[in-house]
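Comments concern the structure below.
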Amino acid sequence: MTELLRLTGLKVHFPIRHGVGESFFGRPSRVVRAVDGVDLTIEKGEILALVGESGSGKTTTGRVIVKLTRQTAGSMTFEGQDVSRLWGTRRLRDYRRKVQLIFQDPYETLDPKHTIGSFVAEPLVVNHLGGSAAEREKIVVEALEAAGLRPGAAFARRYPHELSGGQRQRVVIAGALVLGPELVVADEPVSMLDVSIRTELLRLMLDLRTERSLTYLFITHDLSLAWVIADRVAVMYLGKIMEIGPANTVISAARHPYTQALISVAPSPEPPEPGARAKRTILVGETPDGSAIPTGCRFRTRCPVAFDRCAVEEPPLIDLGNGHAAACWLAENGAAAIGPAAALTAEAPAAR
Amino acid sequence: MTEPVTVASRRQWPLPRLADPAAPLLEVRNLKTHFRLEHGWLQAVDGVSFRLEDGEALGLAGESGCGKTTTALSLVKLLPENARIREGSIELFGIDLVPKAERAMQRYRWREISIVFQGAMNAFNPVRRVRDQIAEPIRYRLGQSETIAKARAVELLDLVGIPKKRADAYPHELSGGMRQRAMIAMALACDPAIVIGDEPTTALDVMVQAQVLQLLEQLRMDLGLSLILITHDLSVIAETCDRVLVMYAGRVAEEGPVSRVFTAPRHPYTRKLLGAFPSIHADRRTLEIIPGQPPDLTAPPPGCRFAPRCAFAMPVCTEVVPPEVRFADGVRVACHLFPTSDVQTVSVAPVAPAPPLAPPPSAPA
Amino acid sequence: MTAPVVPMSVGAAVRPVGGVGAFFKKLVRRRNGLVGLIILGTFTFLALVPDLLVGPLQTAVTAAGPRLGPPTAAYPFGTDELGRSVLNLTVHATRISMVIGLLATIITVGVGAVLGIVSGYVGGRLDGILMRVADFFLVLPTFVLAIILTAIIRDVLGTGSREIAGIRLSLLVIVIVIGITSWSSTARIIRAQTLSLRELAFIDRARVIGASSGHIMWRHILPNVVNLIVANAVLTFAGAILTETTLSFVGLGDPFQPSWGQLLDAARTVGAPSLGAWWYFLPAGTAVVMVVFAFTLLGAALDDILNPKLGTRR
């Protein structure tokens with residue numbers, strides 16, 4: 001396993017501006033700390049799931065990786081080279097070929113005025129790749145068929161509104177493939193799709209990983225989905241990673257109270273058995289605003305097991321062995337401190 | 001809950017004049033709602049029947065385009081211009097709503113059947129206080145004074161977990177979860193007989209979703225709400241509903257108690273749908289795939305509409321519309337796999353494990 | 001910042017519609033496009049060779065007809081208060097009105113669209129500066145500017161009937177004045193639309209695949225604001241013809257050549273409406289309406305062609 005991408009101390013702070021005049025003269029008065037110190041490595045060939053609720057900074061992290069958003073601090077290396085300060089269309093050309101993005105909304109990603117073929121060919125055109133128009137068309141048809149749209153030539157002539165949601169997302173995937181990327185950042189790629197179509201797309205993504213030795217960063221709010229597809233899972237909360245590790249370990253032996261709570265409310269089509277509801281940990285309140293992150297541990301305001309130390313000192317990611325780490329003071333003293341859900345079952349407070 | 005609450009005893013406002021107290025709360029029979037398109041009729045809902053008892057929660061499950069939302073909107077006749085209810089009856093307290101004119105429907109909309117929409121932001125007017133918007137139906141539908149209406153609105157907000165001091169907030173000042181709570185308060189404003197939730201938690205985060213579902217559960221216990229929940233998310237139905245109605249391509253595939261349908265699905269579509277649902281309690285990468293696409297509802301296939309995608313399809317499936325078969329445990333299924341004759345004795349085979357989604361990757365070091 | 005326009009070859013390589021010829025064919029295949037083209041073609045013909053149809057421009061000296069005479073065989077559109085043929089005047093007015101309308105529209109829409117797209121897409125400080133400039137021109141009073149500019153330009157280039165590129169100087173002043181005072185509202189509208197387009201995923205996607213800003217503005221933003229540009233062009237054209245009327249009225253027009261605006265103004269001054277001399281104002285009024293109508297039809301056809309959703313339905 002070799003390292004493909006590494007984020008070190010990544011921070012993205014967005015200024016909040018007020019009023020029209022200030023957009024010209026003003027200085028930002030407050031900042032939203034969307035990503036607030038993320039360290040992460042992505043290994044070649046793996047599927048890493050970045051899980052978090054809205055406001056967790058998972059999408060912003062993905063956007064930094066595909067160079068759509070500038071980081072405020074921290075560095076990023078790709079294949080051992082520092083790419084943090086790489087900007088501008090020309091200088092990014094090589095990087096862009098290797099790192100591609102699959103978007104959440106297949107309805108918004110396809111420009112309604114362009115054909116499917118033109119969408120898939122565009123990466124080649126703007127990068128002056130693929131040779132003549134005929135050669136380019138061949139690559140486009142191949143990519144469409146690799147994404148399961150057969151016959152590719154017929155799909156290439158169609159317009160986005162003629163396709164179903166699942167087909168559109170296949171087009172988006174084909175468009176990400178033509179440059180032959182190594183890392184694909186998939187931002188909620190199936191969350192807009194129906195359950196039955198989801199599975200097909202997940203399988204497609206898994207097949208493509210094997211065929212084209214891809215690496216995925218799979219961004220999702222759905223822990224179950226992460227469990228189904230990922231090799232490793234990282235759980236984010238308010239701009240920081242709370243827990244990271246092999247999918248099996250994180251799901252079956254979660255050590256962070258936030259991960260444990262997420263697991264306890266994870267959607268499941270099995271009707272709850274009598275008494276099972278009490279075992280769930282429904283956290284009180286909602287994720288605080290990124291401009292008002294609590295001191296100490298950022299999760300402590302909603303944590304059912306928070307204690308004095310959490311308010312003063314922010315826990316680092318504590319290594320638990322086998323690539324498993326959790327940012328919780330209770331994880332420090334070994335597994336006995338909190339068993340999954342054991343300390344949490346008492347807390348099933350009425351939502352308020 | 002010590003003694004059962006009945007519609008009449010629970011309600012603050014009298015039943016409609018023509019109401020039959022002995023009739024079931026809601027009885028839908030052979031509902032056919034079609035959309036007129038340029039090239040014909042789109043059979044969005046085509047022969048759906050179900051019943052909702054007082055205090056019950058029914059889940060309408062299915063994928064996009066299966067007709068679950070059209071079914072729900074038909075109940076209050078809030079349909080797009082080109083839609084027609086071409087057949088069937090919708091009886092609320094024994095009163096058929098289908099022949100009612102637009103003006104007569106006003107009596108039932110929101111007062112008897114209210115809706116919690118998916119996007120709570122769009123359902124509120126951004127420049128008016130939440131409390132005033134909730135007071136509105138109380139004033140105009142129930143003819144209460146402004147003072148009473150506003151006081152009631154604050155009570156309702158408190159009931160759904162929005163503190164009194166936030167009652168005069170504007171919609172944008174509330175978070176997504178809070179707005180969905182306010183939307184629920186608005187739906188409860190006129191003390192309706194039925195609340196319809198149209199994907200009420202879909203846009204929310206998992207944790208907030210759990211909070212809202214918990215609230216709905218609590219409201220059901222406290223107020224004896226009758227609920228129709230429309231969602232593609234089977235876990236929401238598993239969580240909140242007593243019975244589930246699985247729809248496919250405008251028809252009922254399977255209906256029955258949640259505990260039966262979700263643990264021992266009979267219709268091949270229900271089995272596939274459940275198998276396609278990712279769950280951290282199940283094995284990894286064993287998700288089901290349903291090959292193909294839903295049929296074109298302007299020219300649906302004759303016979304069973306699921307037949308073209310069904311692994312168990314027989315010659316008869318493509319020719320004859322499967323009749324609904326009712327089982328002893330309260331489940332009804334529309335599938336030729338279950339012949340009408342041996343209804344009572346049929347034993348349900350356990351769901352075959354799904355093929356793995358992909359071979360397990362070489363374990364990451 | 002790269003230039004907002006990339007070489008056509010890059011765009012053409014993935015362009016779904018063919019070249020100009022194919023585009024023209026698509027335009028003609030649509031009834032609204034065809035009718036619009038026919039009307040505009042007719043007026044363009046009138047503007048190019050008016051003498052061929054109605055002879056040279058009649059003046060007070062060459063006028064031979066009755067005063068304010070109703071339509072007759074000799075004077076199909078009647079005559080004005082000096083005895084000139086209204087048909088003759090209207091046809092000759094076509095050139096001035098069309099030239100003013102077209103030039104003013106090109107300046108307004110061209111400048112407005114380019115600045116609007118760049119300002120909206122690039123954003124930041126450039127956006128702030130451009131929009132402040134736009135605001136300045138937005139509040140500038142047309143008349144005051146016209147009077148000052150006319151004075152300045154005449155002073156610099158000399159008075160009289162000098163021509164620049166075949167256009168009389170006073171006409172050029174009118175065109176410039178209309179252009180300067182109306183580009184900013186177009187720019188504001190286009191910018192607003194660009195701002196909302198910029199947030200859409202397909203723009204992000206274009207950036208991720210390595211497209212330059214110029215490519216994105218040309219290939220993704222422009223096609224999605226074309227309908228706005230066309231709608232604005234139609235309004236600007238109509239507005240320009242009317243502005244020319246007003247400017248002529250305060251003595252800033254070109255007294256040597258009639259325009260539709262001047263004809264309407266003359267008709268009003270004489271009191272043609274109250275005298276029942278409908279033939280005096282009807283031809284010029286109809287001409288204005290027809291040209292604006294033709295532009296509207298072309299605009300709708302253009303939108304059809306560029307909007308694939310509408311295109312496949314017919």
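Here, A, B, ... name the chains of the structure tokens in the order displayed, residue numbers run from 1 inside each chain, and ligands are numbered from 1 in the same displayed order.
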Test item, alpha helix (DSSP H) assignment across region 61-228 of chain A, answer as a PyMOL selection string:
chain A and resi 61-65+93-98+106-109+116-126+133-146+152-156+165-177+195-212+223-228
Quick check: residues of chain B within 7 Å of chain A, only C-alpha atoms, returned as number ranges by chain.
B: 63-64, 161, 205, 207, 210-211, 234-235, 238-239, 258-259, 262-263, 273-274, 276-280, 284-285, 287-290, 357-358, 365
Store the residues picked out above, limited to N, CA and C atoms, as a PDB file, in the first residue's frame.
```pdb
ATOM      1  N   GLU B  63     -40.351   3.639  -4.924  1.00  0.00           N
ATOM      2  CA  GLU B  63     -39.321   4.498  -5.491  1.00  0.00           C
ATOM      3  C   GLU B  63     -39.963   5.655  -6.233  1.00  0.00           C
ATOM      4  N   SER B  64     -39.126   6.600  -6.690  1.00  0.00           N
ATOM      5  CA  SER B  64     -39.698   7.767  -7.344  1.00  0.00           C
ATOM      6  C   SER B  64     -40.478   7.326  -8.576  1.00  0.00           C
ATOM      7  N   GLY B 161     -41.610  21.045  20.362  1.00  0.00           N
ATOM      8  CA  GLY B 161     -40.262  21.234  20.877  1.00  0.00           C
ATOM      9  C   GLY B 161     -39.605  22.534  20.457  1.00  0.00           C
ATOM     10  N   ASP B 205     -30.463  15.748   8.371  1.00  0.00           N
ATOM     11  CA  ASP B 205     -29.342  14.917   8.805  1.00  0.00           C
ATOM     12  C   ASP B 205     -29.845  13.730   9.617  1.00  0.00           C
ATOM     13  N   MET B 207     -29.123  12.509  12.504  1.00  0.00           N
ATOM     14  CA  MET B 207     -29.440  12.737  13.910  1.00  0.00           C
ATOM     15  C   MET B 207     -30.718  13.557  14.050  1.00  0.00           C
ATOM     16  N   ALA B 210     -33.649  11.448  13.282  1.00  0.00           N
ATOM     17  CA  ALA B 210     -34.020  10.626  14.436  1.00  0.00           C
ATOM     18  C   ALA B 210     -34.832  11.445  15.436  1.00  0.00           C
ATOM     19  N   GLN B 211     -34.445  12.708  15.610  1.00  0.00           N
ATOM     20  CA  GLN B 211     -35.186  13.573  16.533  1.00  0.00           C
ATOM     21  C   GLN B 211     -36.618  13.798  16.043  1.00  0.00           C
ATOM     22  N   LEU B 234     -37.123   3.136   3.599  1.00  0.00           N
ATOM     23  CA  LEU B 234     -37.834   2.084   4.322  1.00  0.00           C
ATOM     24  C   LEU B 234     -37.555   2.137   5.816  1.00  0.00           C
ATOM     25  N   SER B 235     -36.391   2.660   6.205  1.00  0.00           N
ATOM     26  CA  SER B 235     -36.067   2.679   7.627  1.00  0.00           C
ATOM     27  C   SER B 235     -37.014   3.619   8.385  1.00  0.00           C
ATOM     28  N   ALA B 238     -40.109   1.642   8.924  1.00  0.00           N
ATOM     29  CA  ALA B 238     -39.852   0.623   9.953  1.00  0.00           C
ATOM     30  C   ALA B 238     -39.902   1.251  11.339  1.00  0.00           C
ATOM     31  N   GLU B 239     -39.429   2.464  11.395  1.00  0.00           N
ATOM     32  CA  GLU B 239     -39.318   3.174  12.664  1.00  0.00           C
ATOM     33  C   GLU B 239     -40.662   3.654  13.202  1.00  0.00           C
ATOM     34  N   VAL B 258     -45.987  -3.805   9.386  1.00  0.00           N
ATOM     35  CA  VAL B 258     -44.563  -3.587   9.170  1.00  0.00           C
ATOM     36  C   VAL B 258     -43.759  -4.780   9.659  1.00  0.00           C
ATOM     37  N   SER B 259     -44.154  -5.305  10.814  1.00  0.00           N
ATOM     38  CA  SER B 259     -43.386  -6.399  11.409  1.00  0.00           C
ATOM     39  C   SER B 259     -43.399  -7.643  10.509  1.00  0.00           C
ATOM     40  N   PHE B 262     -41.675  -6.424   6.542  1.00  0.00           N
ATOM     41  CA  PHE B 262     -40.239  -6.145   6.513  1.00  0.00           C
ATOM     42  C   PHE B 262     -39.381  -7.332   6.951  1.00  0.00           C
ATOM     43  N   THR B 263     -39.975  -8.251   7.696  1.00  0.00           N
ATOM     44  CA  THR B 263     -39.166  -9.400   8.101  1.00  0.00           C
ATOM     45  C   THR B 263     -39.359 -10.584   7.155  1.00  0.00           C
ATOM     46  N   LEU B 273     -36.395  -4.659  -2.901  1.00  0.00           N
ATOM     47  CA  LEU B 273     -36.297  -3.318  -2.320  1.00  0.00           C
ATOM     48  C   LEU B 273     -35.620  -3.376  -0.957  1.00  0.00           C
ATOM     49  N   LEU B 274     -36.036  -4.342  -0.145  1.00  0.00           N
ATOM     50  CA  LEU B 274     -35.432  -4.482   1.178  1.00  0.00           C
ATOM     51  C   LEU B 274     -33.977  -4.901   1.060  1.00  0.00           C
ATOM     52  N   ALA B 276     -31.972  -4.138  -1.247  1.00  0.00           N
ATOM     53  CA  ALA B 276     -31.136  -3.074  -1.796  1.00  0.00           C
ATOM     54  C   ALA B 276     -30.825  -2.012  -0.763  1.00  0.00           C
ATOM     55  N   PHE B 277     -31.403  -2.147   0.406  1.00  0.00           N
ATOM     56  CA  PHE B 277     -31.243  -1.107   1.419  1.00  0.00           C
ATOM     57  C   PHE B 277     -29.976  -1.353   2.234  1.00  0.00           C
ATOM     58  N   PRO B 278     -29.023  -0.418   2.187  1.00  0.00           N
ATOM     59  CA  PRO B 278     -27.789  -0.648   2.944  1.00  0.00           C
ATOM     60  C   PRO B 278     -28.051  -0.562   4.443  1.00  0.00           C
ATOM     61  N   SER B 279     -27.486  -1.483   5.186  1.00  0.00           N
ATOM     62  CA  SER B 279     -27.697  -1.481   6.625  1.00  0.00           C
ATOM     63  C   SER B 279     -26.419  -1.902   7.313  1.00  0.00           C
ATOM     64  N   ILE B 280     -26.074  -1.204   8.383  1.00  0.00           N
ATOM     65  CA  ILE B 280     -24.849  -1.573   9.083  1.00  0.00           C
ATOM     66  C   ILE B 280     -25.040  -2.856   9.882  1.00  0.00           C
ATOM     67  N   ARG B 284     -21.597  -6.832   4.688  1.00  0.00           N
ATOM     68  CA  ARG B 284     -21.200  -5.824   3.728  1.00  0.00           C
ATOM     69  C   ARG B 284     -21.363  -6.333   2.306  1.00  0.00           C
ATOM     70  N   ARG B 285     -21.587  -5.417   1.420  1.00  0.00           N
ATOM     71  CA  ARG B 285     -21.567  -5.695  -0.029  1.00  0.00           C
ATOM     72  C   ARG B 285     -22.451  -6.848  -0.438  1.00  0.00           C
ATOM     73  N   LEU B 287     -25.719  -6.076  -1.391  1.00  0.00           N
ATOM     74  CA  LEU B 287     -26.909  -5.346  -1.796  1.00  0.00           C
ATOM     75  C   LEU B 287     -27.518  -5.947  -3.058  1.00  0.00           C
ATOM     76  N   GLU B 288     -28.848  -5.937  -3.093  1.00  0.00           N
ATOM     77  CA  GLU B 288     -29.583  -6.449  -4.240  1.00  0.00           C
ATOM     78  C   GLU B 288     -29.561  -5.434  -5.372  1.00  0.00           C
ATOM     79  N   ILE B 289     -29.605  -5.941  -6.588  1.00  0.00           N
ATOM     80  CA  ILE B 289     -29.757  -5.081  -7.749  1.00  0.00           C
ATOM     81  C   ILE B 289     -31.086  -5.424  -8.404  1.00  0.00           C
ATOM     82  N   ILE B 290     -31.859  -4.411  -8.733  1.00  0.00           N
ATOM     83  CA  ILE B 290     -33.068  -4.663  -9.508  1.00  0.00           C
ATOM     84  C   ILE B 290     -32.744  -4.276 -10.944  1.00  0.00           C
ATOM     85  N   LEU B 357     -22.048  -7.853  -3.649  1.00  0.00           N
ATOM     86  CA  LEU B 357     -21.970  -6.692  -4.527  1.00  0.00           C
ATOM     87  C   LEU B 357     -20.697  -6.751  -5.359  1.00  0.00           C
ATOM     88  N   ALA B 358     -19.654  -7.247  -4.744  1.00  0.00           N
ATOM     89  CA  ALA B 358     -18.385  -7.377  -5.448  1.00  0.00           C
ATOM     90  C   ALA B 358     -17.535  -8.315  -4.625  1.00  0.00           C
ATOM     91  N   ALA B 365      -3.808  -3.165   3.785  1.00  0.00           N
ATOM     92  CA  ALA B 365      -2.855  -3.402   4.861  1.00  0.00           C
ATOM     93  C   ALA B 365      -3.063  -2.415   5.984  1.00  0.00           C
TER      94      ALA B 365
END
```
Report as a CSV table (one decimal) with C-alpha atoms, in the first residue's frame the set of chain A residues whose atoms approach chain C to within 8 Å, with distances computed over only C-alpha atoms.
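Contents of the output file iface-v4.csv:
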```
chain,number,residue,atom,x,y,z
A,23,SER,CA,-17.9,43.6,-0.3
A,24,PHE,CA,-15.8,46.3,-1.8
A,66,VAL,CA,-10.1,18.7,-6.2
A,67,LYS,CA,-8.8,22.3,-6.0
A,68,LEU,CA,-12.2,24.0,-6.1
A,89,THR,CA,-5.5,26.5,-15.1
A,92,LEU,CA,-3.0,22.5,-12.4
A,93,ARG,CA,-3.3,20.7,-15.7
A,96,ARG,CA,-6.6,17.8,-12.7
A,97,ARG,CA,-6.0,14.8,-15.0
A,100,GLN,CA,-11.5,14.0,-10.6
A,101,LEU,CA,-14.8,14.7,-8.9
A,103,PHE,CA,-20.9,15.3,-8.0
A,105,ASP,CA,-26.7,16.0,-8.2
A,108,GLU,CA,-27.2,20.0,-12.0
A,109,THR,CA,-23.8,18.6,-13.2
A,110,LEU,CA,-24.9,18.2,-16.8
A,111,ASP,CA,-25.2,21.5,-18.7
A,112,PRO,CA,-28.7,21.2,-20.2
A,113,LYS,CA,-27.5,22.8,-23.4
A,114,HIS,CA,-24.8,20.3,-24.2
A,115,THR,CA,-25.1,16.7,-25.5
A,118,SER,CA,-20.0,16.8,-25.7
A,121,ALA,CA,-15.5,14.8,-24.5
A,122,GLU,CA,-15.0,18.2,-22.8
A,123,PRO,CA,-12.2,17.1,-20.4
A,125,VAL,CA,-11.0,19.1,-25.4
A,126,VAL,CA,-10.0,21.6,-22.7
A,127,ASN,CA,-6.8,19.7,-22.1
A,133,ALA,CA,-12.2,14.4,-33.3
A,159,TYR,CA,-29.3,15.5,-24.2
A,161,HIS,CA,-33.1,15.8,-20.1
A,176,ALA,CA,-14.7,11.7,-14.8
```
